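Visitor: Sending over protein_4.csv (CSV, C-alpha atoms and all ligand atoms).
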chain,number,residue,atom,x,y,z
A,138,MET,CA,-22.2,-16.2,-8.1
A,139,ILE,CA,-20.4,-18.5,-5.6
A,140,ARG,CA,-21.2,-17.6,-2.0
A,141,ILE,CA,-19.2,-19.4,0.6
A,142,GLN,CA,-20.3,-18.8,4.2
A,143,ASN,CA,-18.7,-19.9,7.4
A,144,LEU,CA,-17.3,-23.0,5.8
A,145,SER,CA,-15.5,-25.3,8.1
A,146,LYS,CA,-14.0,-28.8,8.0
A,147,VAL,CA,-12.8,-30.8,11.0
A,148,TYR,CA,-11.0,-34.1,10.4
A,149,LYS,CA,-11.5,-36.5,13.3
A,150,THR,CA,-8.8,-39.1,13.7
A,151,ASN,CA,-8.4,-41.6,16.6
A,152,LYS,CA,-6.0,-39.3,18.4
A,153,GLN,CA,-7.1,-35.8,17.5
A,154,GLU,CA,-9.3,-33.3,15.7
A,155,ILE,CA,-7.8,-31.2,12.9
A,156,GLN,CA,-9.5,-28.0,11.9
A,157,ALA,CA,-8.4,-28.0,8.2
A,158,VAL,CA,-10.8,-25.2,7.2
A,159,ASP,CA,-11.9,-22.7,9.8
A,160,ASN,CA,-14.9,-20.5,9.2
A,161,VAL,CA,-14.1,-19.3,5.7
A,162,SER,CA,-16.5,-16.8,4.0
A,163,LEU,CA,-15.9,-15.6,0.4
A,164,ASN,CA,-17.8,-14.3,-2.5
A,165,ILE,CA,-16.5,-15.3,-5.9
A,166,GLU,CA,-17.9,-13.4,-8.9
A,167,GLN,CA,-19.0,-14.8,-12.3
A,168,GLY,CA,-16.1,-14.8,-14.8
A,169,GLU,CA,-13.3,-14.1,-12.4
A,170,ILE,CA,-10.1,-16.0,-11.8
A,171,PHE,CA,-9.9,-16.3,-8.0
A,172,GLY,CA,-6.7,-17.6,-6.4
A,173,VAL,CA,-6.2,-19.2,-3.0
A,174,ILE,CA,-2.7,-19.3,-1.8
A,175,GLY,CA,-1.1,-20.8,1.3
A,176,TYR,CA,1.8,-22.9,2.5
A,177,SER,CA,1.6,-26.6,2.9
A,178,GLY,CA,-1.0,-27.6,5.4
A,179,ALA,CA,-2.9,-24.3,5.2
A,180,GLY,CA,-6.1,-26.1,4.2
A,181,LYS,CA,-6.2,-25.2,0.5
A,182,SER,CA,-6.9,-28.7,-0.9
A,183,THR,CA,-9.6,-29.3,1.7
A,184,PHE,CA,-11.1,-25.9,0.9
A,185,VAL,CA,-11.3,-26.5,-2.8
A,186,ARG,CA,-12.7,-30.1,-2.3
A,187,LEU,CA,-15.4,-28.7,-0.1
A,188,ILE,CA,-16.7,-26.6,-3.0
A,189,ASN,CA,-17.9,-29.6,-4.9
A,190,ARG,CA,-18.3,-31.7,-1.8
A,191,LEU,CA,-15.6,-34.2,-2.6
A,192,GLU,CA,-15.2,-33.5,1.2
A,193,GLU,CA,-18.3,-33.1,3.3
A,194,PRO,CA,-18.2,-29.8,5.3
A,195,THR,CA,-18.5,-29.9,9.0
A,196,ASP,CA,-20.3,-26.5,9.0
A,197,GLY,CA,-21.2,-23.7,6.6
A,198,SER,CA,-22.6,-23.4,3.1
A,199,VAL,CA,-21.5,-23.2,-0.5
A,200,VAL,CA,-24.0,-21.7,-2.9
A,201,ILE,CA,-23.3,-21.9,-6.7
A,202,HIS,CA,-25.6,-20.1,-9.0
A,203,ASP,CA,-28.3,-19.9,-6.2
A,204,LYS,CA,-28.1,-23.6,-5.5
A,205,ASP,CA,-26.9,-24.6,-2.1
A,206,ILE,CA,-24.5,-27.5,-2.7
A,207,THR,CA,-24.1,-28.3,1.0
A,208,ASN,CA,-27.6,-29.6,1.6
A,209,MET,CA,-28.3,-31.1,-1.8
A,210,PRO,CA,-29.4,-34.8,-2.0
A,211,LYS,CA,-26.7,-37.1,-3.6
A,212,ASN,CA,-28.6,-37.6,-6.9
A,213,GLN,CA,-28.9,-33.8,-7.4
A,214,LEU,CA,-25.3,-33.3,-6.4
A,215,ARG,CA,-24.1,-35.8,-9.0
A,216,LYS,CA,-25.9,-33.7,-11.7
A,217,LYS,CA,-24.6,-30.4,-10.3
A,218,ARG,CA,-21.1,-31.8,-10.2
A,219,GLN,CA,-21.2,-32.1,-14.0
A,220,LYS,CA,-21.3,-28.3,-14.0
A,221,ILE,CA,-18.2,-28.1,-11.7
A,222,GLY,CA,-15.1,-29.0,-13.6
A,223,MET,CA,-11.9,-29.9,-11.8
A,224,ILE,CA,-8.3,-30.4,-12.7
A,225,PHE,CA,-5.6,-31.9,-10.5
A,226,GLN,CA,-1.9,-31.7,-9.9
A,227,HIS,CA,-1.3,-35.2,-11.1
A,228,PHE,CA,-3.9,-35.0,-13.9
A,229,ASN,CA,-6.0,-38.0,-12.8
A,230,LEU,CA,-6.4,-39.3,-16.3
A,231,LEU,CA,-7.6,-42.8,-17.3
A,232,TRP,CA,-4.4,-44.5,-18.4
A,233,SER,CA,-6.0,-47.2,-20.5
A,234,ARG,CA,-8.0,-44.7,-22.5
A,235,THR,CA,-6.8,-42.4,-25.4
A,236,VAL,CA,-6.9,-38.6,-25.3
A,237,TYR,CA,-10.2,-38.7,-27.2
A,238,GLU,CA,-11.7,-41.3,-24.8
A,239,ASN,CA,-10.6,-39.5,-21.7
A,240,ILE,CA,-12.3,-36.3,-22.9
A,241,ALA,CA,-15.4,-38.2,-24.0
A,242,PHE,CA,-15.7,-40.0,-20.6
A,243,PRO,CA,-17.7,-37.3,-18.7
A,244,LEU,CA,-20.0,-37.0,-21.8
A,245,GLU,CA,-20.6,-40.7,-21.7
A,246,ILE,CA,-21.5,-40.5,-18.0
A,247,ALA,CA,-23.9,-37.6,-18.7
A,248,GLY,CA,-25.6,-39.7,-21.4
A,249,VAL,CA,-24.7,-37.4,-24.3
A,250,PRO,CA,-25.4,-39.2,-27.7
A,251,LYS,CA,-22.3,-40.4,-29.6
A,252,THR,CA,-22.5,-37.9,-32.5
A,253,LYS,CA,-22.7,-35.0,-30.1
A,254,GLN,CA,-19.9,-36.4,-28.1
A,255,GLN,CA,-17.6,-36.5,-31.1
A,256,GLU,CA,-18.4,-32.9,-32.0
A,257,LYS,CA,-17.7,-31.7,-28.4
A,258,VAL,CA,-14.5,-33.7,-28.0
A,259,LEU,CA,-13.0,-32.5,-31.3
A,260,GLU,CA,-13.9,-28.9,-30.4
A,261,LEU,CA,-12.2,-29.3,-27.0
A,262,ILE,CA,-9.1,-31.0,-28.4
A,263,ASN,CA,-8.8,-28.0,-30.7
A,264,LEU,CA,-9.4,-25.5,-27.9
A,265,VAL,CA,-6.6,-26.9,-25.7
A,266,GLY,CA,-4.1,-27.3,-28.6
A,267,LEU,CA,-4.0,-31.1,-28.9
A,268,SER,CA,-5.1,-31.6,-32.5
A,269,GLY,CA,-3.3,-34.7,-33.9
A,270,LYS,CA,-3.0,-36.4,-30.4
A,271,GLU,CA,-6.6,-37.8,-30.3
A,272,ASN,CA,-5.4,-41.4,-30.4
A,273,ALA,CA,-2.4,-41.0,-28.1
A,274,TYR,CA,-2.4,-42.6,-24.6
A,275,PRO,CA,-1.5,-40.5,-21.5
A,276,SER,CA,1.8,-42.3,-21.1
A,277,GLN,CA,2.8,-41.0,-24.5
A,278,LEU,CA,2.2,-37.4,-23.5
A,279,SER,CA,4.3,-34.7,-21.8
A,280,GLY,CA,3.2,-33.3,-18.4
A,281,GLY,CA,1.8,-30.2,-20.1
A,282,GLN,CA,-0.1,-32.2,-22.7
A,283,LYS,CA,-1.5,-34.4,-19.9
A,284,GLN,CA,-2.8,-31.3,-18.2
A,285,ARG,CA,-4.3,-30.1,-21.5
A,286,VAL,CA,-6.3,-33.4,-21.6
A,287,GLY,CA,-7.3,-32.8,-18.0
A,288,ILE,CA,-8.5,-29.3,-18.9
A,289,ALA,CA,-10.4,-30.5,-22.0
A,290,ARG,CA,-12.1,-33.2,-19.9
A,291,SER,CA,-13.1,-30.7,-17.2
A,292,LEU,CA,-14.8,-28.5,-19.8
A,293,ALA,CA,-16.8,-31.3,-21.5
A,294,ASN,CA,-20.1,-30.6,-19.8
A,295,ASP,CA,-19.8,-26.8,-20.1
A,296,PRO,CA,-19.1,-26.2,-16.4
A,297,GLU,CA,-20.2,-23.1,-14.5
A,298,VAL,CA,-16.9,-23.1,-12.6
A,299,LEU,CA,-13.5,-24.7,-12.9
A,300,LEU,CA,-11.7,-25.8,-9.8
A,301,CYS,CA,-7.9,-26.1,-10.1
A,302,ASP,CA,-6.1,-28.1,-7.4
A,303,GLU,CA,-2.4,-27.2,-7.7
A,304,ALA,CA,-2.8,-27.7,-11.5
A,305,THR,CA,0.7,-26.6,-12.4
A,306,SER,CA,2.7,-27.8,-9.4
A,307,ALA,CA,4.0,-30.9,-11.2
A,308,LEU,CA,5.1,-28.9,-14.3
A,309,ASP,CA,8.4,-27.1,-15.2
A,310,PRO,CA,8.2,-23.2,-15.3
A,311,GLU,CA,7.9,-22.9,-19.0
A,312,THR,CA,5.1,-25.5,-19.2
A,313,THR,CA,3.4,-23.9,-16.2
A,314,ASP,CA,3.3,-20.6,-18.1
A,315,ASP,CA,1.8,-22.3,-21.2
A,316,ILE,CA,-1.0,-23.9,-19.0
A,317,LEU,CA,-1.6,-20.6,-17.2
A,318,ASP,CA,-2.0,-18.9,-20.6
A,319,LEU,CA,-4.4,-21.5,-21.7
A,320,LEU,CA,-6.5,-21.0,-18.5
A,321,VAL,CA,-6.6,-17.3,-19.1
A,322,SER,CA,-7.7,-17.8,-22.7
A,323,ILE,CA,-10.4,-20.2,-21.6
A,324,ASN,CA,-11.6,-17.7,-19.0
A,325,LYS,CA,-11.8,-15.0,-21.6
A,326,LYS,CA,-13.3,-17.1,-24.4
A,327,LEU,CA,-15.9,-18.9,-22.3
A,328,GLY,CA,-16.4,-16.4,-19.5
A,329,LEU,CA,-15.7,-19.3,-17.2
A,330,THR,CA,-15.2,-18.7,-13.4
A,331,ILE,CA,-12.0,-20.3,-12.2
A,332,ILE,CA,-11.0,-21.0,-8.6
A,333,LEU,CA,-7.4,-22.1,-8.3
A,334,ILE,CA,-5.3,-23.1,-5.3
A,335,THR,CA,-1.5,-22.8,-5.3
A,336,HIS,CA,1.5,-22.3,-3.1
A,337,GLU,CA,3.2,-20.2,-5.9
A,338,MET,CA,2.8,-16.5,-5.9
A,339,HIS,CA,3.9,-16.4,-9.5
A,340,VAL,CA,0.6,-18.3,-10.5
A,341,ILE,CA,-1.5,-15.7,-8.6
A,342,GLN,CA,0.4,-12.8,-10.2
A,343,LYS,CA,0.2,-14.1,-13.7
A,344,ILE,CA,-3.5,-15.0,-14.0
A,345,CYS,CA,-5.7,-14.2,-11.0
A,346,HIS,CA,-7.9,-11.1,-10.5
A,347,ARG,CA,-8.5,-11.6,-6.8
A,348,VAL,CA,-6.7,-13.7,-4.2
A,349,ALA,CA,-7.3,-15.1,-0.7
A,350,VAL,CA,-4.4,-16.0,1.5
A,351,MET,CA,-4.9,-19.0,3.8
A,352,GLU,CA,-3.1,-19.9,7.0
A,353,ASN,CA,-4.1,-22.6,9.6
A,354,GLY,CA,-7.5,-23.1,7.8
A,355,LYS,CA,-8.4,-19.4,7.9
A,356,VAL,CA,-8.4,-16.7,5.2
A,357,VAL,CA,-6.1,-14.1,6.7
A,358,GLU,CA,-6.2,-11.7,3.8
A,359,THR,CA,-8.2,-11.2,0.6
A,360,GLY,CA,-8.4,-8.6,-2.1
A,361,ASP,CA,-7.6,-7.5,-5.7
A,362,VAL,CA,-4.2,-9.0,-6.7
A,363,LEU,CA,-2.7,-5.7,-7.5
A,364,ASP,CA,-3.7,-4.2,-4.1
A,365,VAL,CA,-2.5,-7.3,-2.2
A,366,PHE,CA,0.9,-7.2,-4.0
A,367,VAL,CA,1.4,-3.5,-3.4
A,368,LYS,CA,0.1,-3.4,0.2
A,369,PRO,CA,0.3,-6.9,1.7
A,370,GLN,CA,-1.1,-6.8,5.3
A,371,SER,CA,-0.5,-10.1,7.0
A,372,LYS,CA,3.0,-11.5,7.7
A,373,THR,CA,2.2,-14.6,5.5
A,374,THR,CA,1.1,-12.4,2.6
A,375,LYS,CA,4.3,-10.3,2.9
A,376,ARG,CA,6.4,-13.5,2.7
A,377,PHE,CA,4.6,-14.6,-0.5
A,378,VAL,CA,5.0,-11.2,-2.1
A,379,GLN,CA,8.7,-11.2,-1.3
A,380,GLN,CA,9.1,-14.4,-3.2
A,381,LEU,CA,8.3,-12.3,-6.3
A,382,ASN,CA,9.9,-9.1,-5.3
A,383,PRO,CA,13.3,-9.9,-4.0
A,384,LEU,CA,14.1,-6.2,-4.2
A,385,GLU,CA,12.2,-5.8,-0.9
A,386,HIS,CA,14.9,-8.1,0.7
A,387,GLU,CA,17.8,-6.2,-0.9
A,388,LYS,CA,17.2,-2.8,0.4
A,389,ASP,CA,20.2,-3.2,2.7
A,390,LYS,CA,22.4,-4.3,-0.1
A,391,LEU,CA,21.8,-0.9,-1.8
A,392,ALA,CA,23.6,0.8,1.0
A,393,GLU,CA,27.1,0.4,-0.6
A,394,PHE,CA,25.9,2.1,-3.8
A,395,ILE,CA,24.6,5.1,-2.1
A,396,ASN,CA,26.7,8.3,-1.9
A,397,ASP,CA,27.5,9.8,1.4
A,398,ARG,CA,26.8,13.2,-0.1
A,399,GLU,CA,24.7,15.5,2.1
A,400,ASP,CA,22.6,16.6,-0.9
A,401,SER,CA,21.5,13.0,-1.8
A,402,GLU,CA,18.1,11.5,-1.1
A,403,VAL,CA,17.3,7.8,-1.7
A,404,VAL,CA,13.8,7.1,-2.7
A,405,LYS,CA,11.8,4.0,-3.4
A,406,LEU,CA,9.0,4.4,-6.0
A,407,HIS,CA,6.1,2.1,-6.3
A,408,PHE,CA,4.4,2.1,-9.7
A,409,ILE,CA,0.9,0.7,-9.9
A,410,GLY,CA,-1.4,0.1,-12.8
A,411,LYS,CA,-1.3,3.1,-15.3
A,412,SER,CA,1.5,4.9,-13.5
A,413,ALA,CA,3.9,2.1,-14.5
A,414,LYS,CA,3.7,3.3,-18.1
A,415,ARG,CA,4.7,6.9,-17.3
A,416,ALA,CA,8.1,8.1,-18.2
A,417,LEU,CA,8.5,9.7,-14.7
A,418,ILE,CA,12.2,9.7,-14.4
A,419,SER,CA,12.8,11.6,-17.6
A,420,GLU,CA,10.0,14.0,-16.7
A,421,VAL,CA,11.7,14.8,-13.4
A,422,ALA,CA,15.1,15.2,-15.0
A,423,LYS,CA,13.7,17.7,-17.5
A,424,THR,CA,11.7,19.6,-14.9
A,425,PHE,CA,14.1,19.9,-12.0
A,426,ASP,CA,17.8,20.7,-11.6
A,427,VAL,CA,18.7,17.3,-10.1
A,428,GLU,CA,20.9,14.3,-10.9
A,429,ILE,CA,19.2,10.9,-10.8
A,430,ASN,CA,21.1,7.7,-10.2
A,431,ILE,CA,19.0,4.5,-10.8
A,432,LEU,CA,20.0,1.9,-8.3
A,433,GLN,CA,17.7,-1.0,-8.9
A,434,GLY,CA,14.3,-1.7,-10.3
A,435,SER,CA,11.8,-4.4,-11.3
A,436,ILE,CA,8.4,-4.6,-12.9
A,437,ALA,CA,5.7,-7.4,-13.0
A,438,PRO,CA,2.5,-7.7,-15.0
A,439,THR,CA,-0.8,-8.9,-13.4
A,440,GLN,CA,-4.2,-9.4,-15.0
A,441,GLU,CA,-5.2,-6.0,-13.6
A,442,GLY,CA,-2.1,-4.0,-14.7
A,443,ALA,CA,1.5,-3.8,-13.9
A,444,TYR,CA,3.3,-2.9,-10.7
A,445,GLY,CA,6.9,-2.1,-10.3
A,446,THR,CA,9.5,-0.9,-7.8
A,447,LEU,CA,12.4,1.5,-8.5
A,448,PHE,CA,15.1,2.6,-6.1
A,449,ILE,CA,16.7,5.9,-7.1
A,450,GLU,CA,19.1,8.4,-5.6
A,451,ILE,CA,18.4,12.0,-6.3
A,452,ASN,CA,21.1,14.7,-5.8
A,453,GLY,CA,20.3,18.4,-5.6
A,454,GLU,CA,19.6,21.4,-3.4
A,455,LYS,CA,17.3,20.6,-0.5
A,456,GLU,CA,14.5,22.9,-1.6
A,457,ILE,CA,14.5,21.4,-5.1
A,458,LEU,CA,14.6,17.9,-3.8
A,459,LYS,CA,11.5,18.7,-1.8
A,460,LYS,CA,9.7,19.9,-4.9
A,461,THR,CA,10.9,16.9,-6.9
A,462,ILE,CA,9.4,14.5,-4.3
A,463,GLU,CA,6.1,16.5,-4.3
A,464,PHE,CA,6.0,16.3,-8.1
A,465,MET,CA,6.4,12.6,-8.1
A,466,GLU,CA,3.8,12.1,-5.4
A,467,ASP,CA,1.3,14.2,-7.4
A,468,THR,CA,1.6,11.7,-10.3
A,469,GLY,CA,0.0,8.9,-8.2
A,470,VAL,CA,3.3,7.0,-7.9
A,471,GLU,CA,3.9,6.0,-4.3
A,472,VAL,CA,7.1,7.5,-2.9
A,473,GLU,CA,9.0,6.4,0.1
A,474,VAL,CA,12.1,8.3,1.2
A,475,LEU,CA,14.7,5.8,2.5
A,476,LYS,CA,17.5,8.4,3.1
A,477,HIS,CA,16.8,12.0,3.6
A,478,ALA,CA,19.2,14.7,2.4
A,501,LIG,N1,-8.2,-36.9,5.2
A,501,LIG,C1,-7.6,-36.3,6.2
A,501,LIG,N2,-7.6,-36.8,7.4
A,501,LIG,C2,-7.1,-36.1,8.4
A,501,LIG,N3,-6.4,-34.9,8.3
A,501,LIG,C3,-6.3,-34.4,7.1
A,501,LIG,C4,-6.9,-35.0,5.9
A,501,LIG,N4,-6.7,-34.3,4.8
A,501,LIG,C5,-6.0,-33.2,5.3
A,501,LIG,N5,-5.8,-33.2,6.6
A,501,LIG,C6,-5.1,-32.2,7.4
A,501,LIG,O1,-5.7,-31.0,7.2
A,501,LIG,C7,-4.8,-29.9,7.2
A,501,LIG,C8,-5.0,-29.2,5.8
A,501,LIG,O2,-4.6,-30.0,4.8
A,501,LIG,P1,-4.7,-29.7,3.2
A,501,LIG,O3,-4.2,-30.8,2.4
A,501,LIG,O4,-6.1,-29.2,3.0
A,501,LIG,O5,-3.7,-28.4,3.1
A,501,LIG,P2,-3.0,-27.8,1.9
A,501,LIG,O6,-2.9,-26.3,2.2
A,501,LIG,O7,-3.7,-28.2,0.7
A,501,LIG,O8,-1.5,-28.4,1.9
A,501,LIG,P3,-0.7,-29.2,0.8
A,501,LIG,O9,-0.4,-28.2,-0.3
A,501,LIG,O10,0.5,-29.7,1.5
A,501,LIG,O11,-1.6,-30.3,0.3
A,501,LIG,C9,-3.4,-30.6,7.4
A,501,LIG,O12,-3.1,-30.5,8.7
A,501,LIG,C10,-3.6,-32.0,7.0
A,501,LIG,O13,-2.8,-32.9,7.7
How would this structure read if it were set down as structure tokens?
Guide:
Amino acid sequence: MIRIQNLSKVYKTNKQEIQAVDNVSLNIEQGEIFGVIGYSGAGKSTFVRLINRLEEPTDGSVVIHDKDITNMPKNQLRKKRQKIGMIFQHFNLLWSRTVYENIAFPLEIAGVPKTKQQEKVLELINLVGLSGKENAYPSQLSGGQKQRVGIARSLANDPEVLLCDEATSALDPETTDDILDLLVSINKKLGLTIILITHEMHVIQKICHRVAVMENGKVVETGDVLDVFVKPQSKTTKRFVQQLNPLEHEKDKLAEFINDREDSEVVKLHFIGKSAKRALISEVAKTFDVEINILQGSIAPTQEGAYGTLFIEINGEKEILKKTIEFMEDTGVEVEVLKHA
């Protein structure tokens, strides 16, 4: 649905050239929530602004619904942009206009008749949970409410895609979660494709189906969120995943809880998708003559299912331990033995 090919942006200043986006190619499917994550300076903002040509690309193409944005004349681009919604970190609302008037603004520009405008604005106010706030000014709203106005405004012309530029970065964690829930419900209700950029892995984990990791203008890794979380390939991705899974850091700290016994094996289990719902530990305890000591564990939901990590110590006879590990491996859970008996 959105085909991005060999997209590049070079900023030329007096002193130097900066390659902000470097030969990025991605396909984003209809109806998916696609996240782009990277540290500051990775090129995320530039990338997202190239999609609606708020920045002119130096090279490459962006095709949305079979229309090449990159070589479109300005008057056609203005029309096409009405179908590309965008929300921003600092909301970009019109401060002298009420909530109602902010949301009506893109409809006015598109020349929608007043009665139709009213119908649409009230529908959107209801959709984003701002009923009763129609006549409030942005200065009278909380950050979360301001972003709800931004979202309603971005949806006014029934866009084909919604671009989110660090849309929750100025919000506290609780409000961030509310706004992310709203984006998921809009994605489901309207089947709207969403492309969001962020520097927070939590945002990717909570709402995205697929993710691309950017570094120095390049996409260094891309894939389904669950796969990227479970098997991050690049160094940068691993650092992002560790933000959410501090257990990975704490492997060494477990050492003091582990017995010196010769018959003890320490195992890290990775539960992915359906396997996260299985009562594996009690199954093992009922099936094999072993003792299990749970050392540490965590679980996190994503849009495509949960993934979790559990560190356990298993005590028993060597042969039985071997069979226990094989049994766990056969269930589809990933098993990594950290200390052999
Ligand atoms: N208008 C501009 N002129 C020159 N250089 C720019 C311009 N905009 C961005 N850059 C440079 O391009 C690179 C990528 O910046 P960009 O803002 O896209 O990164 P980012 O990943 O969004 O980072 P942040 O989250 O800090 O905004 C940086 O080195 C930045 O300094």
Visitor: At most 8 Å from (-5.5, -34.7, -19.6), file frame, all atoms listed in the file: which residues, as JSON, numbers by chain?
Guide: {"A": [228, 229, 230, 236, 239, 240, 275, 282, 283, 284, 285, 286, 287, 288, 289, 290]}
Visitor: For the atom pair atom CA of A:Gly269 and atom CA of A:Cys301, what is the interatomic distance in Å to one decimal place?
Guide: 25.7 Å
Visitor: Just want the 8 Å neighbourhood of A:Phe425, counted on only C-alpha atoms, with same-chain residues fewer than 4 positions away dropped. Output as a list in words.
Guide: Val421, Ile457 and Thr461 of chain A
Visitor: Find the residues near ligand LIG 501 (chain A). Use a cut-off of 9 Å, count all atoms listed in the file, and write them as a PyMOL selection string.
Guide: chain A and resi 146-150+154-158+174-186+192+302-303+334-336+351-354
Visitor: For a quick check of understanding, using only C-alpha atoms, which of A:Ser198, A:Val350, A:Asn143, A:Val258 has the smallest distance to A:Lys372?
Guide: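 Selected residue with least distance to A:Lys372: A:Val350.
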